[in-house]
$ cat model-v7.cif   # mmCIF, C-alpha atoms (C1' of nucleotides)
data_structure
loop_
_atom_site.label_atom_id
_atom_site.label_comp_id
_atom_site.auth_asym_id
_atom_site.auth_seq_id
_atom_site.Cartn_x
_atom_site.Cartn_y
_atom_site.Cartn_z
CA MET N 1 8.44 -0.93 -4.04
CA ASN N 2 7.53 2.30 -5.84
CA ALA N 3 6.25 0.32 -8.78
CA THR N 4 4.24 3.31 -9.99
CA ARG N 5 7.29 5.53 -10.41
CA LEU N 6 9.26 2.77 -12.08
CA PHE N 7 6.32 2.18 -14.38
CA VAL N 8 5.99 5.83 -15.34
CA LEU N 9 9.70 6.34 -15.90
CA GLY N 10 9.96 3.12 -17.88
CA SER N 11 7.01 4.05 -20.06
CA LEU N 12 8.38 7.48 -20.90
CA ALA N 13 11.92 6.17 -21.33
CA ASN N 14 10.91 3.46 -23.79
CA GLY N 15 7.85 5.01 -25.40
CA GLY N 16 8.86 8.63 -25.73
CA PRO N 17 6.78 11.64 -24.57
CA MET N 18 3.18 10.74 -23.72
CA HIS N 19 0.17 11.96 -21.77
CA GLY N 20 -1.43 10.00 -18.94
CA HIS N 21 -4.04 8.19 -20.94
CA GLN N 22 -1.52 7.29 -23.60
CA ILE N 23 0.70 5.70 -20.96
CA ARG N 24 -2.17 3.52 -19.87
CA LEU N 25 -3.00 2.43 -23.40
CA ALA N 26 0.63 1.66 -24.20
CA ALA N 27 0.90 -0.41 -21.03
CA GLN N 28 -2.07 -2.44 -22.17
CA VAL N 29 -0.61 -3.05 -25.59
CA ASP N 30 2.86 -4.06 -24.49
CA ARG N 31 1.60 -6.01 -21.45
CA THR N 32 3.42 -3.79 -18.95
CA GLU N 33 0.18 -3.46 -17.02
CA LEU N 34 0.31 -7.17 -16.28
CA TRP N 35 3.28 -6.56 -14.00
CA ALA N 36 2.46 -3.09 -12.71
CA ASP N 37 -1.34 -2.73 -12.26
CA VAL N 38 -1.33 1.06 -11.82
CA LYS N 39 -4.73 2.62 -11.23
CA PRO N 40 -5.61 5.92 -12.96
CA GLY N 41 -5.89 7.73 -9.64
CA SER N 42 -2.33 6.74 -8.81
CA LEU N 43 -0.96 7.54 -12.22
CA TYR N 44 -2.03 11.17 -12.50
CA GLY N 45 -0.96 11.97 -8.98
CA ALA N 46 2.45 10.43 -9.63
CA LEU N 47 2.80 12.36 -12.88
CA ARG N 48 2.23 15.69 -11.14
CA ARG N 49 4.53 14.87 -8.22
CA MET N 50 7.26 13.66 -10.51
CA ALA N 51 6.94 16.73 -12.71
CA SER N 52 7.24 18.98 -9.66
CA GLU N 53 10.38 17.07 -8.66
CA GLY N 54 11.87 17.39 -12.11
CA VAL N 55 12.27 13.70 -12.97
CA ILE N 56 9.78 14.31 -15.77
CA GLU N 57 8.72 17.56 -17.45
CA THR N 58 5.72 18.72 -19.45
CA VAL N 59 6.32 19.09 -23.17
CA ARG N 60 3.03 20.81 -23.94
CA THR N 61 -0.70 20.51 -23.33
CA GLU N 62 -3.36 19.71 -25.91
CA GLN N 63 -7.12 19.79 -26.07
CA LYS N 64 -9.25 17.93 -28.61
CA GLY N 65 -12.68 19.53 -28.88
CA ASN N 66 -14.10 20.10 -25.43
CA ARG N 67 -12.56 17.04 -23.80
CA PRO N 68 -10.34 17.33 -20.72
CA GLU N 69 -6.99 18.88 -21.46
CA ARG N 70 -4.15 16.44 -21.63
CA THR N 71 -0.59 17.08 -20.60
CA ILE N 72 2.28 15.46 -22.42
CA TYR N 73 5.27 14.53 -20.30
CA ARG N 74 8.83 13.61 -21.15
CA ILE N 75 11.51 12.02 -18.99
CA THR N 76 14.46 14.18 -17.94
CA GLU N 77 18.07 13.24 -17.27
CA ALA N 78 17.36 13.16 -13.55
CA GLY N 79 14.48 10.87 -14.42
CA ARG N 80 16.71 8.49 -16.34
CA ALA N 81 18.99 8.33 -13.33
CA GLU N 82 16.10 7.52 -11.01
CA PHE N 83 14.82 5.02 -13.53
CA LYS N 84 18.02 2.98 -13.37
CA MET N 85 18.10 3.29 -9.62
CA LEU N 86 14.55 2.05 -9.24
CA ARG N 87 15.07 -0.76 -11.72
CA ASP N 88 18.15 -1.97 -9.88
CA LYS N 89 16.36 -1.65 -6.58
CA ALA N 90 13.47 -3.74 -7.87
CA LEU N 91 16.01 -6.22 -9.15
CA ARG N 92 17.58 -6.46 -5.71
CA ASP N 93 14.38 -6.57 -3.70
CA THR N 94 13.52 -10.11 -2.62
CA ARG N 95 11.13 -9.22 0.17
CA ILE N 96 8.12 -11.50 0.19
CA ALA N 97 5.02 -9.79 1.53
CA PRO N 98 3.26 -12.12 3.96
CA ASP N 99 0.01 -13.46 2.53
CA SER N 100 -3.04 -12.06 4.29
CA VAL N 101 -4.55 -15.54 4.50
CA ASN N 102 -1.91 -16.40 7.06
CA LEU N 103 -3.24 -13.64 9.28
CA ALA N 104 -6.80 -14.81 8.75
CA LEU N 105 -5.74 -18.32 9.74
CA LEU N 106 -4.98 -17.04 13.25
CA TYR N 107 -8.58 -15.98 13.65
CA CYS N 108 -10.30 -19.13 12.42
CA GLY N 109 -10.57 -20.83 15.80
CA ASP N 110 -14.35 -20.69 15.68
CA LEU N 111 -14.73 -22.37 12.30
CA SER N 112 -15.53 -26.06 11.94
CA GLU N 113 -13.48 -28.46 9.86
CA GLU N 114 -16.20 -28.40 7.21
CA GLN N 115 -16.22 -24.63 7.02
CA MET N 116 -12.45 -24.51 6.69
CA ARG N 117 -12.46 -27.21 4.05
CA ALA N 118 -15.10 -25.35 2.09
CA ALA N 119 -13.14 -22.10 2.29
CA ILE N 120 -9.88 -23.70 1.21
CA GLU N 121 -11.52 -25.63 -1.60
CA LEU N 122 -13.08 -22.44 -2.91
CA ARG N 123 -9.71 -20.73 -2.81
CA ARG N 124 -8.16 -23.67 -4.64
CA GLN N 125 -10.79 -23.43 -7.34
CA ASN N 126 -10.16 -19.74 -7.87
CA LEU N 127 -6.44 -20.32 -8.03
CA ALA N 128 -6.91 -23.08 -10.60
CA ALA N 129 -8.96 -20.67 -12.71
CA GLU N 130 -6.32 -17.99 -12.30
CA LEU N 131 -3.65 -20.47 -13.37
CA ALA N 132 -5.63 -21.45 -16.45
CA SER N 133 -6.11 -17.82 -17.37
CA TRP N 134 -2.40 -17.07 -17.08
CA GLU N 135 -1.55 -20.16 -19.10
CA GLN N 136 -3.92 -18.99 -21.80
CA LEU N 137 -2.37 -15.54 -21.69
CA HIS N 138 1.06 -17.09 -21.90
CA THR N 139 0.41 -19.26 -24.94
CA ASP N 140 -1.44 -16.43 -26.68
CA ALA N 141 1.35 -13.96 -26.09
CA ALA N 142 4.26 -16.37 -26.56
CA PRO N 143 5.01 -15.48 -30.18
CA TRP N 144 5.31 -11.77 -29.33
CA LEU N 145 7.41 -12.04 -26.22
CA THR N 146 10.87 -10.57 -26.41
CA GLY N 147 13.81 -10.15 -24.09
CA LEU N 148 13.34 -11.53 -20.61
CA GLU N 149 9.57 -11.20 -20.60
CA PRO N 150 8.96 -14.96 -20.91
CA LEU N 151 10.62 -15.40 -17.53
CA GLY N 152 7.99 -13.18 -15.98
CA PHE N 153 5.25 -15.51 -17.19
CA GLU N 154 7.06 -18.55 -15.86
CA HIS N 155 7.47 -16.74 -12.57
CA GLN N 156 3.79 -16.04 -12.24
CA LEU N 157 2.86 -19.61 -13.22
CA MET N 158 5.25 -21.10 -10.68
CA ARG N 159 3.95 -18.88 -7.92
CA ILE N 160 0.36 -19.83 -8.57
CA LYS N 161 1.29 -23.51 -8.73
CA ALA N 162 3.04 -23.22 -5.38
CA GLU N 163 -0.05 -21.58 -3.99
CA ILE N 164 -2.18 -24.47 -5.23
CA ALA N 165 0.27 -26.99 -3.80
CA TRP N 166 -0.09 -25.37 -0.37
CA HIS N 167 -3.86 -25.58 -0.61
CA ASP N 168 -3.60 -29.29 -1.38
CA LEU N 169 -1.35 -29.74 1.61
CA VAL N 170 -3.84 -27.91 3.80
CA LEU N 171 -6.72 -30.05 2.58
CA ASP N 172 -4.64 -33.11 3.38
CA ARG N 173 -3.75 -31.87 6.86
CA LEU N 174 -7.11 -30.50 7.95
CA PRO N 175 -8.38 -33.75 9.51
CA LYS N 176 -5.22 -34.03 11.59
CA MET N 177 -5.42 -30.39 12.66
CA PHE N 178 -8.97 -30.93 13.91
CA ALA N 179 -8.35 -34.36 15.45
CA GLY N 180 -7.13 -32.87 18.70
CA ARG N 181 -10.25 -30.76 19.20
CA ASP N 182 -13.37 -31.56 21.16
CA GLY N 183 -16.11 -32.30 18.69
CA ALA N 184 -18.07 -34.85 20.77
CA GLY N 185 -15.31 -36.46 22.85
CA GLU N 186 -13.66 -39.57 21.43
CA GLN N 187 -14.02 -41.77 24.48
CA ALA N 188 -14.59 -39.08 27.10
CA MET Z 1 -6.36 -6.23 1.90
CA ASN Z 2 -6.83 -3.91 4.86
CA ALA Z 3 -4.51 -6.07 6.92
CA THR Z 4 -4.06 -3.25 9.43
CA ARG Z 5 -7.74 -3.10 10.31
CA LEU Z 6 -8.02 -6.88 10.53
CA PHE Z 7 -4.96 -6.90 12.74
CA VAL Z 8 -6.31 -4.24 15.11
CA LEU Z 9 -9.74 -5.81 15.36
CA GLY Z 10 -8.28 -9.27 15.87
CA SER Z 11 -5.94 -8.03 18.59
CA LEU Z 12 -8.70 -6.30 20.52
CA ALA Z 13 -11.14 -9.16 19.98
CA ASN Z 14 -8.76 -11.82 21.27
CA GLY Z 15 -6.66 -9.83 23.72
CA GLY Z 16 -9.27 -7.57 25.33
CA PRO Z 17 -8.97 -3.79 25.69
CA MET Z 18 -5.46 -2.47 25.00
CA HIS Z 19 -3.57 0.69 24.09
CA GLY Z 20 -1.49 1.01 20.95
CA HIS Z 21 1.82 -0.03 22.37
CA GLN Z 22 0.27 -2.99 24.11
CA ILE Z 23 -1.16 -4.19 20.80
CA ARG Z 24 2.31 -4.13 19.29
CA LEU Z 25 3.85 -6.05 22.18
CA ALA Z 26 1.12 -8.65 22.15
CA ALA Z 27 1.59 -9.10 18.40
CA GLN Z 28 5.27 -9.77 19.00
CA VAL Z 29 4.59 -12.31 21.70
CA ASP Z 30 1.95 -14.28 19.84
CA ARG Z 31 3.72 -13.95 16.46
CA THR Z 32 0.81 -12.08 14.87
CA GLU Z 33 3.33 -9.51 13.63
CA LEU Z 34 4.91 -12.18 11.44
CA TRP Z 35 1.80 -12.18 9.29
CA ALA Z 36 0.76 -8.55 9.62
CA ASP Z 37 3.89 -6.36 9.85
CA VAL Z 38 2.06 -3.21 10.95
CA LYS Z 39 4.31 -0.19 11.50
CA PRO Z 40 3.65 2.19 14.40
CA GLY Z 41 2.86 5.04 12.05
CA SER Z 42 0.07 2.97 10.52
CA LEU Z 43 -1.27 1.61 13.78
CA TYR Z 44 -2.06 4.84 15.60
CA GLY Z 45 -3.66 6.41 12.58
CA ALA Z 46 -5.86 3.35 12.12
CA LEU Z 47 -6.81 3.38 15.81
CA ARG Z 48 -8.03 6.97 15.59
CA ARG Z 49 -9.89 6.43 12.34
CA MET Z 50 -11.54 3.30 13.61
CA ALA Z 51 -12.51 4.97 16.87
CA SER Z 52 -14.10 7.84 14.95
CA GLU Z 53 -16.04 5.28 12.92
CA GLY Z 54 -17.23 3.44 15.98
CA VAL Z 55 -15.75 0.00 15.28
CA ILE Z 56 -13.61 0.50 18.38
CA GLU Z 57 -14.09 2.88 21.31
CA THR Z 58 -11.84 4.36 23.97
CA VAL Z 59 -12.25 2.85 27.41
CA ARG Z 60 -10.11 5.44 29.22
CA THR Z 61 -6.76 7.21 29.00
CA GLU Z 62 -3.87 6.76 31.37
CA GLN Z 63 -0.64 8.57 32.05
CA LYS Z 64 2.31 7.09 33.98
CA GLY Z 65 4.52 9.90 35.27
CA ASN Z 66 5.15 12.37 32.48
CA ARG Z 67 5.24 9.88 29.63
CA PRO Z 68 2.95 10.22 26.63
CA GLU Z 69 -0.64 9.57 27.46
CA ARG Z 70 -1.95 6.25 26.30
CA THR Z 71 -5.44 5.54 25.13
CA ILE Z 72 -7.03 2.20 25.81
CA TYR Z 73 -9.38 0.92 23.14
CA ARG Z 74 -11.98 -1.79 23.12
CA ILE Z 75 -13.77 -3.41 20.20
CA THR Z 76 -17.46 -2.66 19.74
CA GLU Z 77 -20.23 -4.81 18.35
CA ALA Z 78 -19.91 -3.06 15.01
CA GLY Z 79 -16.21 -3.88 15.24
CA ARG Z 80 -16.86 -7.58 15.79
CA ALA Z 81 -19.07 -7.55 12.73
CA GLU Z 82 -16.37 -5.91 10.62
CA PHE Z 83 -13.82 -8.30 12.09
CA LYS Z 84 -15.67 -11.34 10.79
CA MET Z 85 -16.26 -9.63 7.49
CA LEU Z 86 -12.59 -8.81 7.05
CA ARG Z 87 -11.48 -12.24 8.14
CA ASP Z 88 -13.81 -13.92 5.67
CA LYS Z 89 -12.70 -11.51 2.99
CA ALA Z 90 -9.05 -12.32 3.65
CA LEU Z 91 -9.98 -15.98 3.58
CA ARG Z 92 -11.60 -15.53 0.19
CA ASP Z 93 -8.95 -13.31 -1.35
CA THR Z 94 -6.64 -15.26 -3.63
CA ARG Z 95 -5.26 -12.32 -5.56
CA ILE Z 96 -1.54 -12.67 -6.16
CA ALA Z 97 0.20 -9.31 -6.34
CA PRO Z 98 2.59 -9.31 -9.30
CA ASP Z 99 6.21 -9.41 -8.21
CA SER Z 100 8.02 -6.17 -8.96
CA VAL Z 101 10.96 -8.10 -10.37
CA ASN Z 102 8.76 -9.01 -13.32
CA LEU Z 103 8.37 -5.33 -14.09
CA ALA Z 104 12.10 -4.76 -13.73
CA LEU Z 105 12.71 -7.64 -16.14
CA LEU Z 106 11.05 -5.59 -18.90
CA TYR Z 107 13.67 -2.90 -18.49
CA CYS Z 108 16.81 -5.05 -18.44
CA GLY Z 109 17.48 -4.93 -22.16
CA ASP Z 110 20.74 -3.08 -21.63
CA LEU Z 111 22.23 -5.56 -19.18
CA SER Z 112 24.72 -8.23 -20.22
CA GLU Z 113 24.29 -11.89 -19.49
CA GLU Z 114 26.92 -11.63 -16.77
CA GLN Z 115 25.17 -8.71 -15.10
CA MET Z 116 21.86 -10.54 -15.14
CA ARG Z 117 23.43 -13.69 -13.80
CA ALA Z 118 25.07 -11.78 -10.97
CA ALA Z 119 21.80 -10.07 -10.07
CA ILE Z 120 19.83 -13.29 -10.06
CA GLU Z 121 22.47 -15.15 -8.10
CA LEU Z 122 22.46 -12.43 -5.47
CA ARG Z 123 18.69 -12.66 -5.24
CA ARG Z 124 18.94 -16.41 -4.90
CA GLN Z 125 21.40 -16.06 -2.05
CA ASN Z 126 19.16 -13.66 -0.17
CA LEU Z 127 16.20 -15.95 -0.65
CA ALA Z 128 18.18 -18.91 0.65
CA ALA Z 129 19.05 -16.89 3.74
CA GLU Z 130 15.42 -15.87 4.15
CA LEU Z 131 14.39 -19.51 3.86
CA ALA Z 132 16.91 -20.59 6.50
CA SER Z 133 15.71 -17.87 8.83
CA TRP Z 134 12.07 -18.93 8.46
CA GLU Z 135 13.01 -22.57 8.98
CA GLN Z 136 14.79 -21.62 12.18
CA LEU Z 137 11.80 -19.60 13.29
CA HIS Z 138 9.55 -22.52 12.50
CA THR Z 139 11.49 -25.15 14.45
CA ASP Z 140 11.91 -22.75 17.37
CA ALA Z 141 8.25 -21.90 17.51
CA ALA Z 142 6.91 -25.35 16.64
CA PRO Z 143 6.20 -26.45 20.24
CA TRP Z 144 4.09 -23.37 20.91
CA LEU Z 145 2.04 -23.32 17.75
CA THR Z 146 -1.67 -23.88 18.13
CA GLY Z 147 -4.66 -23.99 15.85
CA LEU Z 148 -3.97 -23.47 12.19
CA GLU Z 149 -0.81 -21.43 12.72
CA PRO Z 150 1.54 -24.22 11.57
CA LEU Z 151 -0.05 -23.99 8.14
CA GLY Z 152 1.02 -20.38 7.91
CA PHE Z 153 4.64 -21.39 8.35
CA GLU Z 154 4.39 -24.10 5.74
CA HIS Z 155 2.81 -21.58 3.43
CA GLN Z 156 5.67 -19.14 3.80
CA LEU Z 157 8.27 -21.88 3.37
CA MET Z 158 6.62 -23.17 0.22
CA ARG Z 159 6.42 -19.70 -1.26
CA ILE Z 160 10.09 -19.02 -0.68
CA LYS Z 161 11.03 -22.41 -2.11
CA ALA Z 162 9.00 -21.66 -5.22
CA GLU Z 163 10.78 -18.35 -5.49
CA ILE Z 164 14.14 -20.12 -5.30
CA ALA Z 165 13.05 -22.69 -7.86
CA TRP Z 166 12.23 -19.88 -10.31
CA HIS Z 167 15.64 -18.35 -9.80
CA ASP Z 168 17.26 -21.70 -10.57
CA LEU Z 169 15.17 -21.93 -13.70
CA VAL Z 170 16.26 -18.44 -14.73
CA LEU Z 171 19.92 -19.25 -14.16
CA ASP Z 172 19.45 -22.32 -16.32
CA ARG Z 173 17.71 -20.38 -19.10
CA LEU Z 174 19.89 -17.29 -19.20
CA PRO Z 175 22.38 -18.62 -21.79
CA LYS Z 176 19.51 -19.52 -24.12
CA MET Z 177 17.86 -16.13 -23.62
CA PHE Z 178 21.07 -14.38 -24.62
CA ALA Z 179 21.98 -16.79 -27.44
CA GLY Z 180 19.84 -14.90 -29.94
CA ARG Z 181 21.52 -11.56 -29.26
CA ASP Z 182 24.38 -9.90 -31.08
CA GLY Z 183 27.43 -10.18 -28.85
CA ALA Z 184 30.07 -10.58 -31.57
CA GLY Z 185 28.19 -12.49 -34.27
CA GLU Z 186 28.39 -16.28 -34.24
CA GLN Z 187 29.63 -16.84 -37.78
CA ALA Z 188 28.54 -13.55 -39.25
"C1'" DA U 1 26.94 10.51 40.60
"C1'" DC U 2 26.74 10.13 35.72
"C1'" DG U 3 26.66 9.09 31.05
"C1'" DT U 4 24.40 6.19 27.79
"C1'" DG U 5 21.68 3.10 25.69
"C1'" DA U 6 17.25 0.84 25.71
"C1'" DT U 7 12.31 1.13 26.46
"C1'" DT U 8 7.90 3.38 26.53
"C1'" DA U 9 4.30 5.49 23.91
"C1'" DC U 10 2.98 8.12 20.70
"C1'" DT U 11 3.12 12.32 17.04
"C1'" DC U 12 4.00 14.46 12.69
"C1'" DG U 13 4.26 15.33 7.95
"C1'" DC U 14 4.61 13.74 3.66
"C1'" DG U 15 4.08 10.59 0.02
"C1'" DT U 16 1.00 7.46 -2.02
"C1'" DT U 17 -3.25 4.86 -3.21
"C1'" DT U 18 -7.89 4.37 -4.17
"C1'" DG U 19 -12.72 4.47 -5.59
"C1'" DA U 20 -15.88 7.27 -7.08
"C1'" DC U 21 -16.88 10.87 -9.78
"C1'" DT U 22 -17.11 14.37 -13.91
"C1'" DA U 23 -18.02 15.42 -18.48
"C1'" DT U 24 -17.52 15.15 -23.31
"C1'" DA U 25 -17.32 12.31 -27.63
"C1'" DT U 26 -18.21 8.38 -30.28
"C1'" DG U 27 -20.18 4.35 -31.89
"C1'" DT U 28 -24.28 1.11 -32.53
"C1'" DG U 29 -28.33 -1.05 -32.86
"C1'" DA U 30 -33.56 -0.53 -33.09
"C1'" DT W 1 -33.17 9.63 -34.54
"C1'" DC W 2 -33.19 8.15 -29.90
"C1'" DA W 3 -31.20 5.62 -26.25
"C1'" DC W 4 -27.48 3.42 -24.23
"C1'" DA W 5 -23.05 1.61 -23.85
"C1'" DT W 6 -18.27 2.54 -24.37
"C1'" DA W 7 -14.15 5.33 -24.85
"C1'" DT W 8 -11.60 9.52 -23.71
"C1'" DA W 9 -9.08 12.04 -20.14
"C1'" DG W 10 -8.61 13.37 -15.98
"C1'" DT W 11 -10.12 15.27 -10.89
"C1'" DC W 12 -10.79 14.86 -6.02
"C1'" DA W 13 -11.28 13.85 -1.03
"C1'" DA W 14 -10.33 10.53 2.02
"C1'" DA W 15 -7.90 6.70 3.47
"C1'" DC W 16 -3.61 4.63 4.15
"C1'" DG W 17 1.42 3.82 5.03
"C1'" DC W 18 5.72 5.03 6.71
"C1'" DG W 19 10.20 6.95 8.32
"C1'" DA W 20 11.68 9.95 11.42
"C1'" DG W 21 11.21 12.33 15.41
"C1'" DT W 22 10.12 13.30 20.47
"C1'" DA W 23 10.44 13.23 25.08
"C1'" DA W 24 10.27 11.06 29.14
"C1'" DT W 25 11.72 6.99 32.03
"C1'" DC W 26 14.46 3.04 33.27
"C1'" DA W 27 18.53 -0.15 33.59
"C1'" DC W 28 23.23 -0.52 34.13
"C1'" DG W 29 27.72 -0.30 34.60
"C1'" DT W 30 31.59 2.54 36.43
#
$ encode --input "model-v7.cif" --output "structure tokens"
Amino acid sequence: MNATRLFVLGSLANGGPMHGHQIRLAAQVDRTELWADVKPGSLYGALRRMASEGVIETVRTEQKGNRPERTIYRITEAGRAEFKMLRDKALRDTRIAPDSVNLALLYCGDLSEEQMRAAIELRRQNLAAELASWEQLHTDAAPWLTGLEPLGFEHQLMRIKAEIAWHDLVLDRLPKMFAGRDGAGEQA
Amino acid sequence: MNATRLFVLGSLANGGPMHGHQIRLAAQVDRTELWADVKPGSLYGALRRMASEGVIETVRTEQKGNRPERTIYRITEAGRAEFKMLRDKALRDTRIAPDSVNLALLYCGDLSEEQMRAAIELRRQNLAAELASWEQLHTDAAPWLTGLEPLGFEHQLMRIKAEIAWHDLVLDRLPKMFAGRDGAGEQA
DNA sequence: ACGTGATTACTCGCGTTTGACTATATGTGA
DNA sequence: TCACATATAGTCAAACGCGAGTAATCACGT
């Protein structure tokens, strides 16, 4: 919920005054972007809104050569207050957004067992790749992780593993799910 | 991704022509809303947009007494095409949105071990309640479930269980995470 | 006859997100 | 030195999401 605002406030609170692009770069360096995934279009809009609300304020604007002007923002006291509020809210929020595949499942009545199996196996493959990539990321980053950040990695790994486990369960169940359907009529 | 559109198209494809409110009621009855969670404010906007695009079209408008007029929509051929596209897309999409708690974790440097433990334990409690509620829902609905719907329930249950397992892991690790911090100095 | 709470059906306005786009500067290799 | 990718820094319109509101009707007891 409101991850963009939390991200902006956190960046400015921990990194000092910065302009938009700088926020993005810093998030790459310190891996914040792994957990936030804020697109540029969202960022600049949020910066302007938040400045107009007074949770952040512009320090000054610069221009190097003829490149677009950049505006440097700093967090205000009101911003620090909202920062803590948003952090605590995120810490309290346990809502689990329903996976869109569950919705798709309702509409798969016209697919054959083979088509479903193929789709699920492809998903499983992608998840396995995603898992491998996160594991790589984890081992690479491990020496630099501080505070509670390692728990975030474990969280992500466990979630992907659970996802894979469900896919295995589905692959196991598929024959049974299709057994009760008319394919050619067992014994008419 | 675009769950609202998939939801609208699926409703009209499987339920025949309907007006907005009818779509919501039908989604309640057949449990589609469990997997979509589309708010009224989103629904009517989507209906108008989609009508203007031609993926759905208005059949007629009615008015009972002096109540708000209701517009009955039907899916078009273009709509059926987009429906399959969106369904297949949802079926292919394995992206796992990062949990906002992982972002919050980065900003918890000022919290004590006790504060963190309390926060995580509260989360765990809420998740346990959520799990119980889904299990109830599952056993209640079990006799009426058709097609691949049961797999959706198992999916949700597994995800919540994984979430709980992570919280248990965190509770186990917390002492170690805080061991390396200055609380009073072990033996100076 | 009358309040009152639920239901019906949708509107409104604002916040937010997104993808595509702009436009300059800086390598980098042939 | 020319071409082409990449980095820098941000804009914009349109789509999207949502809480709150509206305004009538209906159900129900009292």
$ atom_distance --input "model-v7.cif" --atom1 "CA of Ala13 (chain Z)" --atom2 "CA of Thr76 (chain Z)"
9.1 Å
$ atom_distance --input "model-v7.cif" --atom1 "CA of Arg92 (chain N)" --atom2 "CA of Leu103 (chain Z)"
12.5 Å
$ atom_distance --input "model-v7.cif" --atom1 "CA of Ala141 (chain N)" --atom2 "CA of Leu157 (chain N)"
14.1 Å
$ resolve_selection --input "model-v7.cif" --expression "the PyMOL selection byres ((chain Z) within 6 of (chain N))" --output "PDB file with C-alpha atoms, keeping the file's coordinate frame"
ATOM      1  CA  TRP Z  35       1.800 -12.180   9.290  1.00  0.00           C
ATOM      2  CA  ARG Z  87     -11.480 -12.240   8.140  1.00  0.00           C
ATOM      3  CA  ALA Z  90      -9.050 -12.320   3.650  1.00  0.00           C
ATOM      4  CA  LEU Z  91      -9.980 -15.980   3.580  1.00  0.00           C
ATOM      5  CA  PRO Z  98       2.590  -9.310  -9.300  1.00  0.00           C
ATOM      6  CA  VAL Z 101      10.960  -8.100 -10.370  1.00  0.00           C
ATOM      7  CA  ASN Z 102       8.760  -9.010 -13.320  1.00  0.00           C
ATOM      8  CA  LEU Z 103       8.370  -5.330 -14.090  1.00  0.00           C
ATOM      9  CA  ALA Z 104      12.100  -4.760 -13.730  1.00  0.00           C
ATOM     10  CA  LEU Z 105      12.710  -7.640 -16.140  1.00  0.00           C
ATOM     11  CA  LEU Z 148      -3.970 -23.470  12.190  1.00  0.00           C
ATOM     12  CA  GLY Z 152       1.020 -20.380   7.910  1.00  0.00           C
TER      13      GLY Z 152
END
$ resolve_selection --input "model-v7.cif" --expression "the PyMOL selection byres ((chain U and resi 15-21) around 10)" --output "PyMOL selection string"
(chain N and resi 2+4+38-43+45-46+49) or (chain U and resi 13-14+22-23) or (chain W and resi 11-12+14-18)
$ residues_around --input "model-v7.cif" --residues "DG29 (chain U)" --least-positions-apart "5" --cutoff "12 Å" --atoms "only C-alpha atoms (C1' of nucleotides)" --output "ChimeraX atom specification"
/W:1-5
$ write_last_selection --input "model-v7.cif" --atoms "C-alpha atoms (C1' of nucleotides)" --output "mmCIF file, in the frame of the given file"
data_model
loop_
_atom_site.group_PDB
_atom_site.id
_atom_site.type_symbol
_atom_site.label_atom_id
_atom_site.label_comp_id
_atom_site.auth_asym_id
_atom_site.auth_seq_id
_atom_site.Cartn_x
_atom_site.Cartn_y
_atom_site.Cartn_z
ATOM 1 C "C1'" DT W 1 -33.170 9.630 -34.540
ATOM 2 C "C1'" DC W 2 -33.190 8.150 -29.900
ATOM 3 C "C1'" DA W 3 -31.200 5.620 -26.250
ATOM 4 C "C1'" DC W 4 -27.480 3.420 -24.230
ATOM 5 C "C1'" DA W 5 -23.050 1.610 -23.850
#
